[in-house]
$ cat start.txt   # compact mmCIF, C-alpha atoms and all ligand atoms
# COMPACT_ATOMS: atom_id res chain seq x y z
CA MET A 1 0.00 0.00 0.00
CA PRO A 2 1.65 3.30 -0.97
CA VAL A 3 1.99 5.97 1.70
CA PHE A 4 0.83 9.39 0.48
CA ARG A 5 2.77 11.87 2.56
CA SER A 6 1.00 15.03 1.42
CA LEU A 7 -2.59 13.93 1.88
CA ALA A 8 -5.24 16.23 3.24
CA GLY A 9 -6.82 15.14 6.55
CA ALA A 10 -9.74 13.55 4.78
CA ALA A 11 -7.56 11.35 2.66
CA LYS A 12 -5.47 10.25 5.61
CA GLN A 13 -8.58 9.09 7.32
CA VAL A 14 -9.54 7.08 4.25
CA LEU A 15 -6.23 5.30 4.06
CA LEU A 16 -6.01 4.61 7.78
CA SER A 17 -9.60 3.45 8.13
CA PRO A 18 -9.56 -0.29 9.03
CA GLY A 19 -12.61 -1.10 6.88
CA CYS A 20 -11.30 0.72 3.83
CA SER A 21 -11.69 -1.46 0.73
CA CYS A 22 -8.67 0.14 -0.94
CA GLN A 23 -6.49 -1.92 1.39
CA THR A 24 -7.82 -5.18 -0.05
CA PRO A 25 -8.85 -4.61 -3.66
CA ALA A 26 -8.81 -8.30 -4.58
CA LEU A 27 -11.13 -9.21 -1.73
CA THR A 28 -13.51 -6.37 -2.57
CA VAL A 29 -13.80 -7.55 -6.15
CA ALA A 30 -14.45 -11.12 -5.06
CA VAL A 31 -17.14 -10.16 -2.58
CA ARG A 32 -18.86 -7.92 -5.05
CA ALA A 33 -18.80 -10.48 -7.84
CA MET A 34 -20.64 -12.96 -5.62
CA SER A 35 -23.25 -10.59 -4.30
CA TRP A 36 -24.15 -8.39 -7.21
CA SER A 37 -25.31 -9.29 -10.70
CA PRO A 38 -27.66 -7.67 -13.19
CA ARG A 39 -30.23 -10.39 -12.41
CA GLN A 40 -30.31 -9.46 -8.76
CA VAL A 41 -30.79 -5.82 -9.73
CA ASN A 42 -34.05 -6.73 -11.43
CA THR A 43 -35.35 -8.63 -8.41
CA ASP A 44 -34.48 -5.77 -6.07
CA ALA A 45 -36.14 -3.26 -8.37
CA SER A 46 -39.70 -4.42 -7.76
CA PHE A 47 -39.20 -4.52 -3.99
CA HIS A 48 -37.74 -1.03 -3.76
CA SER A 49 -40.20 0.67 -6.07
CA VAL A 50 -42.99 -0.58 -3.78
CA SER A 51 -41.38 0.83 -0.63
CA PHE A 52 -40.74 4.16 -2.38
CA ALA A 53 -44.40 4.46 -3.40
CA GLU A 54 -45.50 3.64 0.15
CA SER A 55 -43.54 6.47 1.72
CA ASP A 56 -44.24 8.99 -1.08
CA HIS A 57 -40.99 10.81 -0.46
CA PRO A 58 -37.59 9.62 -1.60
CA ARG A 59 -35.08 8.68 1.10
CA VAL A 60 -31.90 10.48 0.15
CA LEU A 61 -28.22 9.90 1.01
CA ILE A 62 -25.69 12.60 0.10
CA THR A 63 -22.04 11.48 0.07
CA GLY A 64 -19.24 14.03 0.56
CA GLY A 65 -21.89 16.19 2.18
CA LEU A 66 -19.54 18.46 4.15
CA GLY A 67 -17.99 19.99 1.03
CA GLN A 68 -18.96 23.25 -0.62
CA LEU A 69 -22.30 21.97 -1.95
CA GLY A 70 -23.63 19.21 0.31
CA VAL A 71 -25.07 21.15 3.25
CA GLY A 72 -26.94 23.56 0.95
CA LEU A 73 -28.41 20.68 -1.01
CA ALA A 74 -29.44 18.88 2.18
CA ASN A 75 -31.25 22.03 3.36
CA LEU A 76 -33.11 22.33 0.07
CA LEU A 77 -34.07 18.64 -0.08
CA ARG A 78 -35.11 18.59 3.57
CA LYS A 79 -37.56 21.43 2.94
CA ARG A 80 -39.02 19.40 0.11
CA PHE A 81 -38.98 15.85 1.47
CA GLY A 82 -38.79 16.26 5.25
CA LYS A 83 -35.78 16.56 7.53
CA ASN A 84 -35.43 12.87 8.35
CA ASN A 85 -35.65 11.73 4.73
CA VAL A 86 -32.33 13.34 3.81
CA ILE A 87 -29.11 11.96 5.32
CA LEU A 88 -25.88 13.87 4.97
CA SER A 89 -22.67 11.83 5.07
CA ASP A 90 -18.91 12.35 4.94
CA ILE A 91 -15.69 11.02 6.46
CA ARG A 92 -15.09 14.27 8.33
CA LYS A 93 -16.59 15.40 11.63
CA PRO A 94 -19.54 17.73 11.06
CA PRO A 95 -19.65 21.18 12.66
CA ASP A 96 -22.22 21.43 15.50
CA GLN A 97 -24.70 23.41 13.44
CA VAL A 98 -24.70 20.78 10.65
CA PHE A 99 -24.89 17.90 13.11
CA HIS A 100 -27.96 19.39 14.80
CA SER A 101 -29.77 20.36 11.61
CA GLY A 102 -30.65 16.81 10.49
CA PRO A 103 -29.39 13.23 10.18
CA PHE A 104 -25.65 12.86 9.66
CA ILE A 105 -23.77 9.60 9.23
CA TYR A 106 -20.15 8.52 8.63
CA ALA A 107 -19.81 7.05 5.14
CA ASP A 108 -16.54 6.31 3.38
CA ILE A 109 -17.21 5.77 -0.32
CA LEU A 110 -14.21 3.45 -0.52
CA ASP A 111 -15.86 1.06 1.91
CA TYR A 112 -18.42 -0.85 -0.13
CA LYS A 113 -19.78 -2.95 2.74
CA ASN A 114 -20.36 0.09 4.95
CA LEU A 115 -22.12 1.87 2.08
CA ARG A 116 -24.40 -1.07 1.49
CA GLU A 117 -25.27 -1.25 5.18
CA ILE A 118 -26.24 2.44 5.18
CA ILE A 119 -28.36 2.10 2.04
CA VAL A 120 -30.18 -0.98 3.36
CA ASN A 121 -30.67 0.14 6.97
CA ASN A 122 -31.97 3.56 5.96
CA ARG A 123 -34.05 2.35 2.99
CA ILE A 124 -32.32 4.86 0.71
CA THR A 125 -33.94 5.42 -2.72
CA TRP A 126 -31.93 8.40 -4.05
CA LEU A 127 -28.14 8.62 -3.87
CA ILE A 128 -26.43 11.95 -4.46
CA HIS A 129 -22.73 11.43 -4.89
CA TYR A 130 -20.78 14.56 -4.01
CA SER A 131 -17.51 13.05 -2.72
CA ALA A 132 -14.65 14.02 -5.00
CA VAL A 133 -11.15 15.46 -5.18
CA LEU A 134 -11.32 18.67 -7.23
CA SER A 135 -9.02 19.84 -10.04
CA ALA A 136 -6.15 21.62 -8.28
CA VAL A 137 -5.85 19.16 -5.38
CA GLY A 138 -6.15 16.31 -7.89
CA GLU A 139 -3.12 17.52 -9.85
CA ALA A 140 -1.17 17.72 -6.58
CA ASN A 141 -2.16 14.18 -5.60
CA VAL A 142 -3.08 11.98 -8.55
CA PRO A 143 -3.29 8.65 -6.62
CA LEU A 144 -5.74 10.20 -4.17
CA ALA A 145 -7.89 11.66 -6.97
CA ARG A 146 -7.87 8.35 -8.83
CA ASN A 147 -8.88 6.46 -5.70
CA ILE A 148 -11.74 8.75 -4.62
CA ASN A 149 -13.01 9.80 -8.06
CA ILE A 150 -12.72 6.47 -9.89
CA THR A 151 -12.59 3.60 -7.36
CA GLY A 152 -15.12 5.40 -5.17
CA LEU A 153 -17.40 6.01 -8.13
CA HIS A 154 -17.35 2.29 -9.00
CA ASN A 155 -18.61 1.49 -5.51
CA ILE A 156 -21.36 4.08 -5.88
CA LEU A 157 -22.47 2.78 -9.28
CA ASP A 158 -22.61 -0.82 -8.10
CA ILE A 159 -24.48 0.02 -4.93
CA ALA A 160 -26.97 2.13 -6.90
CA ALA A 161 -27.53 -0.62 -9.46
CA GLU A 162 -27.82 -3.29 -6.78
CA HIS A 163 -30.47 -1.37 -4.86
CA ASN A 164 -32.30 0.27 -7.75
CA LEU A 165 -31.47 3.79 -6.60
CA ARG A 166 -31.88 7.01 -8.52
CA LEU A 167 -28.25 8.18 -8.77
CA PHE A 168 -27.07 11.75 -9.25
CA VAL A 169 -23.37 12.36 -9.93
CA PRO A 170 -22.22 15.88 -10.80
CA SER A 171 -19.73 16.39 -13.60
CA THR A 172 -18.00 19.66 -14.43
CA ILE A 173 -16.76 22.09 -17.06
CA GLY A 174 -13.46 20.33 -16.26
CA ALA A 175 -14.66 17.27 -18.20
CA PHE A 176 -13.61 19.15 -21.36
CA GLY A 177 -10.09 19.90 -22.56
CA PRO A 178 -8.06 22.03 -24.95
CA THR A 179 -9.33 20.21 -28.05
CA SER A 180 -13.01 20.74 -27.14
CA PRO A 181 -14.77 23.77 -28.65
CA ARG A 182 -14.45 26.41 -25.91
CA ASN A 183 -16.78 29.19 -26.93
CA PRO A 184 -19.37 27.78 -26.60
CA THR A 185 -18.93 24.17 -25.47
CA PRO A 186 -21.90 21.95 -26.44
CA ASP A 187 -23.05 18.83 -24.60
CA LEU A 188 -21.67 16.47 -27.21
CA CYS A 189 -18.18 17.17 -28.52
CA VAL A 190 -14.58 16.02 -28.14
CA GLN A 191 -13.71 15.42 -24.45
CA ARG A 192 -9.98 14.98 -23.88
CA PRO A 193 -9.36 16.67 -20.50
CA ARG A 194 -5.77 17.06 -19.30
CA THR A 195 -6.39 16.74 -15.55
CA ILE A 196 -7.00 13.60 -13.49
CA TYR A 197 -10.15 15.35 -12.22
CA GLY A 198 -11.44 15.81 -15.77
CA VAL A 199 -10.49 12.28 -16.80
CA SER A 200 -12.31 10.87 -13.76
CA LYS A 201 -15.42 12.94 -14.51
CA VAL A 202 -15.59 11.82 -18.17
CA HIS A 203 -15.22 8.29 -16.82
CA ALA A 204 -18.14 8.92 -14.41
CA GLU A 205 -20.34 10.30 -17.20
CA LEU A 206 -19.63 7.33 -19.47
CA MET A 207 -19.94 4.68 -16.75
CA GLY A 208 -23.22 6.16 -15.53
CA GLU A 209 -24.64 6.23 -19.03
CA TYR A 210 -23.41 2.69 -19.65
CA TYR A 211 -25.09 1.39 -16.47
CA HIS A 212 -28.24 3.22 -17.49
CA GLN A 213 -28.29 1.54 -20.87
CA LYS A 214 -27.17 -1.90 -19.67
CA TYR A 215 -28.81 -2.23 -16.23
CA ASP A 216 -31.51 0.44 -16.43
CA LEU A 217 -29.83 2.44 -13.67
CA ASP A 218 -31.62 5.78 -13.23
CA PHE A 219 -28.42 7.80 -13.62
CA ARG A 220 -28.66 11.60 -13.83
CA CYS A 221 -25.73 13.98 -14.25
CA LEU A 222 -25.22 17.74 -14.58
CA ARG A 223 -21.98 19.37 -15.65
CA TYR A 224 -21.65 22.19 -13.13
CA PRO A 225 -19.72 25.41 -13.86
CA GLY A 226 -17.54 26.86 -11.06
CA ILE A 227 -19.90 27.21 -8.08
CA ILE A 228 -19.92 30.34 -5.95
CA SER A 229 -21.24 30.22 -2.40
CA ALA A 230 -20.92 32.52 0.60
CA ASP A 231 -21.26 30.20 3.59
CA THR A 232 -18.86 27.42 2.57
CA LEU A 233 -15.39 27.61 1.09
CA PRO A 234 -14.46 25.59 -1.99
CA GLY A 235 -12.35 22.44 -1.70
CA GLY A 236 -9.32 23.02 -3.93
CA GLY A 237 -10.45 23.77 -7.46
CA THR A 238 -9.38 26.07 -10.26
CA THR A 239 -12.43 28.33 -9.96
CA ASP A 240 -11.95 28.95 -6.19
CA TYR A 241 -10.67 32.52 -6.77
CA ALA A 242 -14.21 33.61 -7.60
CA VAL A 243 -15.29 32.69 -4.06
CA GLN A 244 -12.18 33.82 -2.18
CA ILE A 245 -12.28 37.32 -3.69
CA PHE A 246 -15.52 38.13 -1.82
CA HIS A 247 -14.16 37.05 1.56
CA ASP A 248 -10.86 38.91 1.09
CA ALA A 249 -12.56 42.01 -0.33
CA VAL A 250 -14.88 42.33 2.68
CA LYS A 251 -12.32 41.37 5.33
CA THR A 252 -9.10 43.01 4.06
CA GLY A 253 -10.00 45.25 1.10
CA LYS A 254 -7.47 43.49 -1.13
CA PHE A 255 -7.19 40.30 -3.15
CA GLU A 256 -4.37 38.46 -4.92
CA CYS A 257 -5.65 36.52 -7.94
CA TYR A 258 -3.91 33.36 -9.18
CA LEU A 259 -5.48 33.51 -12.66
CA GLU A 260 -4.70 36.05 -15.38
CA PRO A 261 -7.14 38.98 -15.63
CA LYS A 262 -8.61 37.83 -18.96
CA THR A 263 -9.25 34.16 -18.12
CA LYS A 264 -12.92 33.56 -18.85
CA LEU A 265 -14.76 30.64 -17.20
CA PRO A 266 -18.41 29.61 -16.73
CA MET A 267 -19.66 30.21 -13.16
CA MET A 268 -22.91 29.82 -11.22
CA TYR A 269 -24.37 30.98 -7.92
CA ILE A 270 -25.00 28.07 -5.57
CA GLN A 271 -28.78 28.60 -5.34
CA ASP A 272 -29.11 28.10 -9.09
CA CYS A 273 -26.89 25.01 -8.94
CA LEU A 274 -28.87 23.39 -6.12
CA ARG A 275 -32.21 24.18 -7.75
CA ALA A 276 -30.99 22.69 -11.05
CA THR A 277 -29.97 19.56 -9.17
CA LEU A 278 -33.40 19.17 -7.59
CA GLU A 279 -35.08 19.86 -10.94
CA ILE A 280 -33.17 17.18 -12.84
CA LEU A 281 -33.72 14.73 -9.98
CA GLU A 282 -37.47 15.30 -10.14
CA ALA A 283 -37.78 15.50 -13.94
CA PRO A 284 -39.94 12.71 -15.42
CA ALA A 285 -37.62 10.20 -17.12
CA GLU A 286 -39.44 10.57 -20.46
CA GLN A 287 -38.44 14.26 -20.57
CA LEU A 288 -34.73 13.45 -20.47
CA THR A 289 -33.31 12.93 -23.95
CA MET A 290 -29.84 12.64 -22.41
CA ARG A 291 -28.45 11.57 -19.04
CA THR A 292 -25.65 14.17 -18.82
CA TYR A 293 -26.43 17.87 -19.36
CA ASN A 294 -24.42 21.09 -19.35
CA ILE A 295 -25.96 23.82 -17.19
CA SER A 296 -24.94 27.43 -17.43
CA ALA A 297 -25.64 30.84 -15.88
CA MET A 298 -22.83 33.33 -16.64
CA SER A 299 -19.22 33.53 -17.75
CA PHE A 300 -16.73 36.14 -16.58
CA THR A 301 -13.03 36.93 -16.23
CA PRO A 302 -11.29 38.02 -12.99
CA GLU A 303 -11.12 41.52 -14.48
CA GLU A 304 -14.89 41.62 -15.07
CA LEU A 305 -15.58 40.26 -11.60
CA VAL A 306 -13.33 42.91 -10.03
CA THR A 307 -15.13 45.68 -11.96
CA GLU A 308 -18.47 44.48 -10.61
CA VAL A 309 -17.19 44.12 -7.02
CA ARG A 310 -15.70 47.65 -7.19
CA LYS A 311 -19.17 49.05 -7.90
CA ASN A 312 -19.86 48.13 -4.25
CA LEU A 313 -16.37 48.26 -2.71
CA THR A 314 -14.67 51.08 -4.61
CA ASP A 315 -11.32 50.82 -2.79
CA LEU A 316 -10.71 47.13 -3.52
CA LYS A 317 -7.02 46.55 -4.41
CA ILE A 318 -6.15 43.71 -6.81
CA THR A 319 -2.82 42.10 -7.62
CA TYR A 320 -2.18 39.17 -9.93
CA LYS A 321 0.27 36.36 -9.09
CA VAL A 322 -0.37 33.64 -11.63
CA ASP A 323 -0.29 30.03 -10.51
CA LYS A 324 1.03 28.05 -13.49
CA VAL A 325 -0.87 24.83 -12.75
CA ARG A 326 -4.28 26.43 -12.28
CA GLN A 327 -3.76 28.85 -15.19
CA GLU A 328 -3.00 25.94 -17.51
CA ILE A 329 -6.10 24.11 -16.32
CA ALA A 330 -8.32 27.18 -16.77
CA ASP A 331 -6.93 27.76 -20.28
CA SER A 332 -8.06 24.28 -21.27
CA TRP A 333 -11.63 24.64 -19.96
CA PRO A 334 -14.77 26.04 -21.64
CA MET A 335 -15.24 29.80 -21.73
CA GLU A 336 -18.98 29.68 -22.48
CA PHE A 337 -21.16 26.67 -21.78
CA ASP A 338 -24.01 25.75 -24.16
CA ASP A 339 -26.89 24.45 -22.05
CA SER A 340 -29.65 24.64 -24.66
CA ASN A 341 -30.55 20.94 -24.22
CA ALA A 342 -31.24 21.40 -20.48
CA ARG A 343 -33.33 24.51 -21.24
CA ARG A 344 -35.33 22.60 -23.84
CA ASP A 345 -35.78 19.21 -22.10
CA TRP A 346 -36.55 20.13 -18.49
CA ASN A 347 -36.99 23.87 -18.71
CA TRP A 348 -33.76 24.86 -16.97
CA LYS A 349 -33.40 28.61 -16.31
CA HIS A 350 -30.79 30.38 -14.21
CA GLU A 351 -31.77 33.30 -11.99
CA TYR A 352 -28.45 34.88 -11.02
CA ASP A 353 -26.33 36.90 -13.44
CA LEU A 354 -23.10 38.66 -12.43
CA PRO A 355 -24.63 41.78 -10.77
CA GLU A 356 -27.10 39.73 -8.64
CA LEU A 357 -24.34 37.29 -7.74
CA VAL A 358 -21.99 40.03 -6.55
CA PHE A 359 -24.72 41.85 -4.63
CA THR A 360 -25.86 38.65 -2.87
CA MET A 361 -22.34 37.48 -1.99
CA LEU A 362 -21.24 40.84 -0.59
CA ASN A 363 -24.43 41.21 1.42
CA PHE A 364 -24.11 37.76 2.93
CA ILE A 365 -20.44 38.05 3.87
CA THR A 366 -20.79 41.61 5.19
CA ASN A 367 -23.73 40.61 7.42
CA ASP A 368 -21.78 37.62 8.63
CA GLN A 369 -18.79 39.80 9.54
CA GLU A 370 -21.02 42.27 11.38
CA MET A 371 -22.63 39.48 13.38
CA LEU A 372 -19.20 38.12 14.30
CA ARG A 373 -18.08 41.58 15.44
CA ALA A 374 -21.25 42.04 17.51
CA ASN A 375 -20.75 38.72 19.39
N1 LIG B 1 -17.65 23.26 -6.25
C1 LIG B 1 -17.62 23.41 -7.56
O1 LIG B 1 -17.32 24.51 -8.11
C2 LIG B 1 -17.95 22.26 -8.44
C3 LIG B 1 -18.18 21.01 -7.92
N2 LIG B 1 -18.47 19.95 -8.78
C4 LIG B 1 -18.70 18.64 -8.24
O2 LIG B 1 -19.66 18.68 -7.20
C5 LIG B 1 -19.33 17.72 -6.18
C6 LIG B 1 -19.27 18.41 -4.84
O3 LIG B 1 -18.26 19.40 -4.92
P1 LIG B 1 -17.78 20.22 -3.64
O4 LIG B 1 -18.80 20.17 -2.57
O5 LIG B 1 -17.31 21.51 -4.15
O6 LIG B 1 -16.50 19.36 -3.22
P2 LIG B 1 -15.58 19.52 -1.91
O7 LIG B 1 -14.17 19.27 -2.32
O8 LIG B 1 -15.89 20.81 -1.22
O9 LIG B 1 -16.09 18.33 -0.98
C7 LIG B 1 -15.85 16.99 -1.27
C8 LIG B 1 -16.17 16.18 -0.03
O10 LIG B 1 -15.85 14.82 -0.29
C9 LIG B 1 -15.42 14.25 0.95
N3 LIG B 1 -14.65 13.01 0.77
C10 LIG B 1 -13.34 12.86 0.45
N4 LIG B 1 -13.01 11.56 0.47
C11 LIG B 1 -14.13 10.86 0.81
C12 LIG B 1 -14.42 9.49 1.02
N5 LIG B 1 -13.48 8.54 0.89
N6 LIG B 1 -15.68 9.14 1.36
C13 LIG B 1 -16.64 10.08 1.51
N7 LIG B 1 -16.42 11.40 1.33
C14 LIG B 1 -15.17 11.78 0.99
C15 LIG B 1 -14.57 15.35 1.58
O11 LIG B 1 -14.43 15.14 2.98
C16 LIG B 1 -15.36 16.59 1.21
O12 LIG B 1 -16.24 16.98 2.26
C17 LIG B 1 -18.01 17.08 -6.62
O13 LIG B 1 -18.27 15.87 -7.27
C18 LIG B 1 -17.44 18.07 -7.61
O14 LIG B 1 -16.65 17.44 -8.58
C19 LIG B 1 -18.52 20.11 -10.13
C20 LIG B 1 -18.27 21.33 -10.69
C21 LIG B 1 -18.03 22.51 -9.89
C1 LIG B 2 -15.25 23.68 -11.87
C2 LIG B 2 -14.93 22.61 -10.93
O1 LIG B 2 -15.20 21.47 -11.19
C3 LIG B 2 -14.24 22.93 -9.65
N1 LIG B 2 -14.72 24.12 -9.03
C4 LIG B 2 -12.76 23.07 -9.89
O2 LIG B 2 -12.34 24.21 -10.16
O3 LIG B 2 -12.06 22.05 -9.85

$ encode --input "start.txt" --output "structure tokens" --more "lines below"
Ligand SMILES: NC(=O)C1=CN([C@@H]2O[C@H](COP(=O)(O)OP(=O)(O)OC[C@H]3O[C@@H](n4cnc5c(N)ncnc54)[C@H](O)[C@@H]3O)[C@@H](O)[C@H]2O)C=CC1
Ligand SMILES: CC(=O)[C@H](N)C(=O)O
Amino acid sequence: MPVFRSLAGAAKQVLLSPGCSCQTPALTVAVRAMSWSPRQVNTDASFHSVSFAESDHPRVLITGGLGQLGVGLANLLRKRFGKNNVILSDIRKPPDQVFHSGPFIYADILDYKNLREIIVNNRITWLIHYSAVLSAVGEANVPLARNINITGLHNILDIAAEHNLRLFVPSTIGAFGPTSPRNPTPDLCVQRPRTIYGVSKVHAELMGEYYHQKYDLDFRCLRYPGIISADTLPGGGTTDYAVQIFHDAVKTGKFECYLEPKTKLPMMYIQDCLRATLEILEAPAEQLTMRTYNISAMSFTPEELVTEVRKNLTDLKITYKVDKVRQEIADSWPMEFDDSNARRDWNWKHEYDLPELVFTMLNFITNDQEMLRAN
């Protein structure tokens, strides 16, 4: 077993966890081959569709739920389906506020047996798979990204097929590369990404679609742009600057940007992203002509973002110190995202453009700062 010296805390926990399947890959394969086959999927399907109809609401598990997106999605789904029908999971310890806001459970996506136990014991019907290693961290630690994003995904696909779950896996603008059309990037075109993150996400898209076609797995996937949120920080991606700028602008009045001023990327406010996720999850299957859709809201460069922020914070000081790795990644990604298929098939519409995004982010972070100062 290799020792990864530079792992983040989360990864360390994965590798040290006694039940972790990555320590015994041969055994995991053997166990799975005995217990899961397409035949068994069909038998399970009738049983689970009955229990889903009985309860009326789906029972949802979110993996990697303590990242930038999971808590927000849990809040949205809990409003819709009831607090106890949505279980948040991760391998990290939840902050108090998250722990007390609804069910939370430890789930390591590399531990197939533990995942199965959770799905069975909690009668899960929808699985939302958010665990991942993002683009910049992935380039710094390829074995970790490969393990979480590919081996972990295989566990998720098998568990979803075995238990007839509706499975949502997000993909990303990072699933495209320098040979894809960049302005705009359509749903179907060349996909030759140059990051392990992108390679793993193309793999997820193709595997999900393959399981859908071969085993009738209800796989649904959205390619998210860079997501911007005020209450949670991003987990090591290329688009993180567009979140960090708001925090630094409010707290210090200055910001150092690691991308060049004219680097244009698709971005989206978190509320739009979470609503899109709920909408595709609830869309009637006959409306979906595809299983993987681009979704889009706005595209901007650091320079354009700074101009908009300065309309509210006129004294903001900006410097540029380009990070070669992230700049190279950004230069290979889409500039504009074509989401016309999502708009046509399930009526996708974004609500936040750049001015609303900036206004909302600054308001949120400023209020937060004032509350902190008052306490
Ligand atoms: N945030 C963004 O801008 C975008 C995110 N996405 C996708 O959305 C999903 C969620 O993204 P974020 O919340 O931003 O990610 P994040 O990096 O903030 O969070 C990922 C979570 O996965 C957890 N994790 C790591 N190893 C695990 C394991 N072995 N078992 C269970 N959990 C594990 C981590 O503890 C972390 O809480 C990811 O699949 C990502 O690729 C796609 C495009 C844009
Ligand atoms: C766009 C993404 O997938 C993510 N935010 C990243 O930058 O890696």

$ residues_near_ligand --input "start.txt" --ligand "ligand LIG 2 (chain B)" --cutoff "7 Å" --atoms "only C-alpha atoms and all ligand atoms" --output "list in words"
Leu134, Ser135, Ala136, Thr172, Ile173, Gly174, Tyr224, Pro225, Gly226, Ile227, Gly236, Gly237, Thr238, Thr239 and Asp240 of chain A

$ write_last_selection --input "start.txt" --atoms "C-alpha atoms" --output "mmCIF file, in the coordinates of the input"
data_model
loop_
_atom_site.group_PDB
_atom_site.id
_atom_site.type_symbol
_atom_site.label_atom_id
_atom_site.label_comp_id
_atom_site.auth_asym_id
_atom_site.auth_seq_id
_atom_site.Cartn_x
_atom_site.Cartn_y
_atom_site.Cartn_z
ATOM 1 C CA LEU A 134 -11.320 18.670 -7.230
ATOM 2 C CA SER A 135 -9.020 19.840 -10.040
ATOM 3 C CA ALA A 136 -6.150 21.620 -8.280
ATOM 4 C CA THR A 172 -18.000 19.660 -14.430
ATOM 5 C CA ILE A 173 -16.760 22.090 -17.060
ATOM 6 C CA GLY A 174 -13.460 20.330 -16.260
ATOM 7 C CA TYR A 224 -21.650 22.190 -13.130
ATOM 8 C CA PRO A 225 -19.720 25.410 -13.860
ATOM 9 C CA GLY A 226 -17.540 26.860 -11.060
ATOM 10 C CA ILE A 227 -19.900 27.210 -8.080
ATOM 11 C CA GLY A 236 -9.320 23.020 -3.930
ATOM 12 C CA GLY A 237 -10.450 23.770 -7.460
ATOM 13 C CA THR A 238 -9.380 26.070 -10.260
ATOM 14 C CA THR A 239 -12.430 28.330 -9.960
ATOM 15 C CA ASP A 240 -11.950 28.950 -6.190
#

$ closest_residue --input "start.txt" --among "A:Pro234, A:Gly152, A:Gly72, A:Pro284" --to "Ile109 (chain A)" --atoms "all atoms listed in the file"
A:Gly152

$ closest_residue --input "start.txt" --among "A:Ser340, A:Gln327, A:Thr195, A:Asn183" --to "Pro266 (chain A)" --atoms "only C-alpha atoms"
A:Asn183

$ closest_residue --input "start.txt" --among "A:Tyr320, A:Tyr269, A:Trp126, A:Tyr197" --to "Glu139 (chain A)" --atoms "all atoms listed in the file"
A:Tyr197

$ closest_residue --input "start.txt" --among "A:Phe359, A:Phe168, A:Tyr352, A:Phe81" --to "Leu153 (chain A)" --atoms "all atoms listed in the file"
A:Phe168

$ residues_around --input "start.txt" --residues "Ile91 (chain A)" --least-positions-apart "6" --cutoff "6 Å" --atoms "all atoms listed in the file" --output "list in words"
Tyr106, Ala107 and Asp108 of chain A

$ atom_distance --input "start.txt" --atom1 "CA of Pro355 (chain A)" --atom2 "CA of Thr292 (chain A)"
28.8 Å

$ residues_around --input "start.txt" --residues "Arg344 (chain A)" --least-positions-apart "5" --cutoff "12 Å" --atoms "only C-alpha atoms" --output "list in words"
Gln287, Leu288, Thr289, Met290, Tyr293, Asn294, Ile295, Asp338, Asp339 and Lys349 of chain A

$ closest_residue --input "start.txt" --among "A:Glu162, A:Asp315, A:Asp96, A:Glu328" --to "Val250 (chain A)" --atoms "all atoms listed in the file"
A:Asp315

$ atom_distance --input "start.txt" --atom1 "CA of Gly253 (chain A)" --atom2 "CA of Met371 (chain A)"
18.5 Å

$ residues_around --input "start.txt" --residues "Met335 (chain A)" --least-positions-apart "5" --cutoff "12 Å" --atoms "all atoms listed in the file" --output "number ranges by chain"
A: 173-174, 176-178, 180-186, 225-226, 262-267, 296-301, 330

$ atom_distance --input "start.txt" --atom1 "CA of Ile124 (chain A)" --atom2 "CA of Asp56 (chain A)"
12.7 Å

$ residues_around --input "start.txt" --residues "Ala283 (chain A)" --least-positions-apart "3" --cutoff "12 Å" --atoms "only C-alpha atoms" --output "short mmCIF file (atom, residue, chain, number, x, y, z; two decimals) with C-alpha atoms, in the coordinates of the input"
data_model
loop_
_atom_site.label_atom_id
_atom_site.label_comp_id
_atom_site.auth_asym_id
_atom_site.auth_seq_id
_atom_site.Cartn_x
_atom_site.Cartn_y
_atom_site.Cartn_z
CA ARG A 166 -31.88 7.01 -8.52
CA ASP A 218 -31.62 5.78 -13.23
CA ARG A 220 -28.66 11.60 -13.83
CA ALA A 276 -30.99 22.69 -11.05
CA THR A 277 -29.97 19.56 -9.17
CA LEU A 278 -33.40 19.17 -7.59
CA GLU A 279 -35.08 19.86 -10.94
CA ILE A 280 -33.17 17.18 -12.84
CA GLU A 286 -39.44 10.57 -20.46
CA GLN A 287 -38.44 14.26 -20.57
CA LEU A 288 -34.73 13.45 -20.47
CA THR A 289 -33.31 12.93 -23.95
CA MET A 290 -29.84 12.64 -22.41
CA ARG A 291 -28.45 11.57 -19.04
CA ALA A 342 -31.24 21.40 -20.48
CA ASP A 345 -35.78 19.21 -22.10
CA TRP A 346 -36.55 20.13 -18.49
CA ASN A 347 -36.99 23.87 -18.71
CA TRP A 348 -33.76 24.86 -16.97
#
